[in-house]
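Novice: Quick one: the structure is below, questions incoming.
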Amino acid sequence: PLRGRSALVTGSTSGIGLGIARALAASGCDVIYTGFADDKVLAELQEDFRKYTSVKATYLPADLTKPTDIETLCTEAGKHCTGGVDIVVNNAGFQHTSPIDSFPLATWDAMMAAMLTAPFLIIKHLLPAMKTKGWGRIINISSAHGLVASVEKCAYVSAKHGVNGLTKVVALETAGSGVTCNAVCPGWVLTPLVENQIRKLMKDHNMDWKDAKTMLLSRKQPSHGFVTPEQIGNMVNFLCSEAANQMTGSVLSIDGGWTAQ
Ligand code: NAD
């Protein structure tokens with residue numbers, strides 16, 4: 001159903017972004033994938049995307065904390081996509097945990113840059129072509145932490161609350177134009193970002209992997225099960241479908257009940 005469309009998915013060398021890029025490719029969408037990765041991972045990804053026959057998958061590098069990289073990424077992405085980028089998924093992000101009194105300013109700045117300023121700049125850059133075409137999809141991968149808070153995550157929670165606000169403004173400014181903008185708020189997904197937090201629990205509580213995983217889930221996620229990158233990919237596919245033409249400005253949870261509490 002997405003054949004002939006092109007998507008830019010940030011942070012798609014790993015985890016949720018990779019799940020989204022694969023789901024889009026499986027729907028026939030050409031994909032620009034970007035994010036940090038060494039040569040070995042890049043070779044594996046290239047091989048992986050070859051599975052989706054007649055889909056063009058292109059890797060473009062960018063450090064999203066750097067506005068000049070973002071500009072180059074958007075310009076290059078536009079060149080690689082016939083007729084411009086149709087779908088943007090702002091997904092790249094990372095976590096740092098620390099109480100606010102010892103939270104480093106440089107880390108705060110980097111997290112804001114990658115998770116709030118980068119989506120702003122990417123939308124700013126790619127929206128005009130979408131408006132001209134009269135069709136576009138902007139999907140911001142936020143978090144349960146875009147709706148509620150947790151201790152020791154001041155920058156992450158602030159950036160994710162911010163991205164939900166950005167989503168709503170862009171939805172209002174594009175209403176009726178054929179472009180939609182929505183946010184997806186996942187609960188725990190077992191990716192490297194969360195594996196780091198499980199390792200921290202193992203250390204802090206002298207636990208094994210299995211017990212730390214159970215503790216992480218049971219503190220926040222009533223389903224006690226992880227959301228998967230494939231499920232989020234399917235949600236993004238739905239938001240890109242014609243069935244979602246009138247869905248815009250929505251902040252959609254996929255969190256095993258986390259924010260129902
Ligand atoms: P991940 O660590 O598996 O992947 C993160 C991706 O972002 C990687 O491709 C990485 O290279 C890229 N990235 C990080 N910093 C970057 C930078 N400065 N420039 C360019 N690329 C950069 O993590 P994930 O869990 O898949 O997270 C993806 C998104 O989902 C993030 O925005 C995260 O906040 C959000 N999220 C994750 C969870 C979860 O439980 N894993 C829950 C809710 C929301």
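Just so we're on the same page: first chain in the structure tokens is A, next is B, and so on; residues restart at 1 for each chain, and ligands are numbered from 1 in the order they show up.
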Would you write out, as JSON lines, a table of all residues in range 162-231 of chain A that have an atom no more than 12 Å from an atom of range 22-45 of chain A, listing for each the closest atom pair and the distance in Å to one decimal, considering only C-alpha atoms and ordering rows by chain and rising residue number?
Specialist:
```
{"residue": "A:Pro229", "atom": "CA", "partner": "A:Ala23", "partner_atom": "CA", "distance": 9.2}
{"residue": "A:Glu230", "atom": "CA", "partner": "A:Ala23", "partner_atom": "CA", "distance": 7.0}
{"residue": "A:Gln231", "atom": "CA", "partner": "A:Ala23", "partner_atom": "CA", "distance": 9.1}
```
Novice: Keeping only N, CA and C atoms, take the residues you just selected and write them out as a PDB file, in the first residue's frame.
Specialist:
```
ATOM      1  N   PRO A 229       9.317  -3.637  18.630  1.00  0.00           N
ATOM      2  CA  PRO A 229       9.532  -2.716  17.499  1.00  0.00           C
ATOM      3  C   PRO A 229       8.588  -3.035  16.333  1.00  0.00           C
ATOM      4  N   GLU A 230       8.239  -4.320  16.153  1.00  0.00           N
ATOM      5  CA  GLU A 230       7.333  -4.710  15.059  1.00  0.00           C
ATOM      6  C   GLU A 230       5.948  -4.096  15.298  1.00  0.00           C
ATOM      7  N   GLN A 231       5.488  -4.132  16.557  1.00  0.00           N
ATOM      8  CA  GLN A 231       4.163  -3.559  16.859  1.00  0.00           C
ATOM      9  C   GLN A 231       4.146  -2.061  16.594  1.00  0.00           C
TER      10      GLN A 231
END
```
Novice: Please return as a VMD selection string: the residues of range 31-261 of chain A that backbone DSSP assigns to strand (DSSP E or B).
Specialist: chain A and resid 31 to 33 57 to 59 87 to 90 136 to 141 179 to 186 189 227 251 to 254
Novice: Can I get the selection written as a short mmCIF file (atom, residue, chain, number, x, y, z; two decimals), in the first residue's frame, with C-alpha atoms?
Specialist:
```
data_model
loop_
_atom_site.label_atom_id
_atom_site.label_comp_id
_atom_site.auth_asym_id
_atom_site.auth_seq_id
_atom_site.Cartn_x
_atom_site.Cartn_y
_atom_site.Cartn_z
CA VAL A 31 13.40 3.99 3.09
CA ILE A 32 16.22 6.31 4.08
CA TYR A 33 17.79 4.90 7.23
CA ALA A 57 16.85 1.47 1.01
CA THR A 58 19.57 4.11 1.40
CA TYR A 59 21.80 4.84 4.38
CA ILE A 87 6.97 10.24 5.42
CA VAL A 88 9.19 11.43 8.26
CA VAL A 89 9.60 9.41 11.43
CA ASN A 90 11.49 11.31 14.11
CA GLY A 136 2.65 13.86 3.99
CA ARG A 137 3.00 11.96 7.22
CA ILE A 138 5.03 13.17 10.20
CA ILE A 139 5.31 10.71 13.06
CA ASN A 140 7.22 11.59 16.19
CA ILE A 141 8.29 8.72 18.42
CA VAL A 179 -0.21 16.35 5.83
CA THR A 180 -0.79 14.79 9.25
CA CYS A 181 1.41 14.85 12.36
CA ASN A 182 1.04 12.44 15.25
CA ALA A 183 3.07 11.23 18.22
CA VAL A 184 3.48 7.62 19.31
CA CYS A 185 4.21 7.01 23.00
CA PRO A 186 5.65 3.55 23.67
CA VAL A 189 10.55 -1.87 24.47
CA VAL A 227 6.10 -3.66 23.46
CA VAL A 251 -0.71 11.46 21.04
CA LEU A 252 -1.10 7.68 20.87
CA SER A 253 -0.01 5.33 23.64
CA ILE A 254 1.27 1.80 23.08
#
```
Novice: Taking a cut-off of 7 Å and counting only C-alpha atoms and all ligand atoms, can you build a table that, for each residue of chain A near ligand 1, reports the nearest atom pair and how far apart they are in Å (one decimal), sorted by chain then residue number, as a tab-separated table?
Specialist:
```
residue	atom	partner	partner_atom_place_in_ligand_line	distance
A:Thr10	CA	ligand 1	21 (N)	6.5
A:Gly11	CA	ligand 1	9 (O)	3.3
A:Ser12	CA	ligand 1	9 (O)	4.7
A:Thr13	CA	ligand 1	9 (O)	4.1
A:Ser14	CA	ligand 1	3 (O)	4.4
A:Gly15	CA	ligand 1	26 (O)	3.5
A:Ile16	CA	ligand 1	26 (O)	3.7
A:Gly17	CA	ligand 1	26 (O)	5.6
A:Thr34	CA	ligand 1	21 (N)	6.8
A:Gly35	CA	ligand 1	11 (O)	3.8
A:Phe36	CA	ligand 1	11 (O)	3.6
A:Ala37	CA	ligand 1	11 (O)	6.3
A:Ala62	CA	ligand 1	20 (C)	5.6
A:Asp63	CA	ligand 1	19 (N)	3.7
A:Leu64	CA	ligand 1	19 (N)	3.7
A:Thr65	CA	ligand 1	18 (N)	4.8
A:Asn91	CA	ligand 1	32 (O)	4.6
A:Ala92	CA	ligand 1	7 (O)	3.6
A:Gly93	CA	ligand 1	32 (O)	3.7
A:Phe94	CA	ligand 1	14 (C)	5.3
A:Gln95	CA	ligand 1	34 (O)	6.9
A:Ala114	CA	ligand 1	18 (N)	5.3
A:Met115	CA	ligand 1	32 (O)	6.5
A:Ile141	CA	ligand 1	32 (O)	5.7
A:Ser142	CA	ligand 1	44 (C)	5.5
A:Ser143	CA	ligand 1	43 (C)	3.9
A:Ala144	CA	ligand 1	43 (C)	6.1
A:Cys185	CA	ligand 1	43 (C)	6.1
A:Pro186	CA	ligand 1	43 (C)	4.3
A:Gly187	CA	ligand 1	42 (C)	4.9
A:Trp188	CA	ligand 1	40 (O)	3.5
A:Val189	CA	ligand 1	40 (O)	3.6
A:Leu190	CA	ligand 1	41 (N)	5.7
A:Thr191	CA	ligand 1	3 (O)	4.7
A:Pro192	CA	ligand 1	3 (O)	4.6
A:Leu193	CA	ligand 1	2 (O)	4.2
A:Val194	CA	ligand 1	41 (N)	5.2
```
Novice: Would you work out the distance separating CA of Glu195 in chain A from CA of Asn234 in chain A, expressed in Å to one decimal?
Specialist: 22.8 Å
Novice: Please provide as a VMD selection string all residues within 8 Å of Met130 in chain A, with the sequence filter that same-chain residues fewer than 2 positions apart are discarded (counting only C-alpha atoms).
Specialist: chain A and resid 84 to 86 126 to 128 132 to 136 179
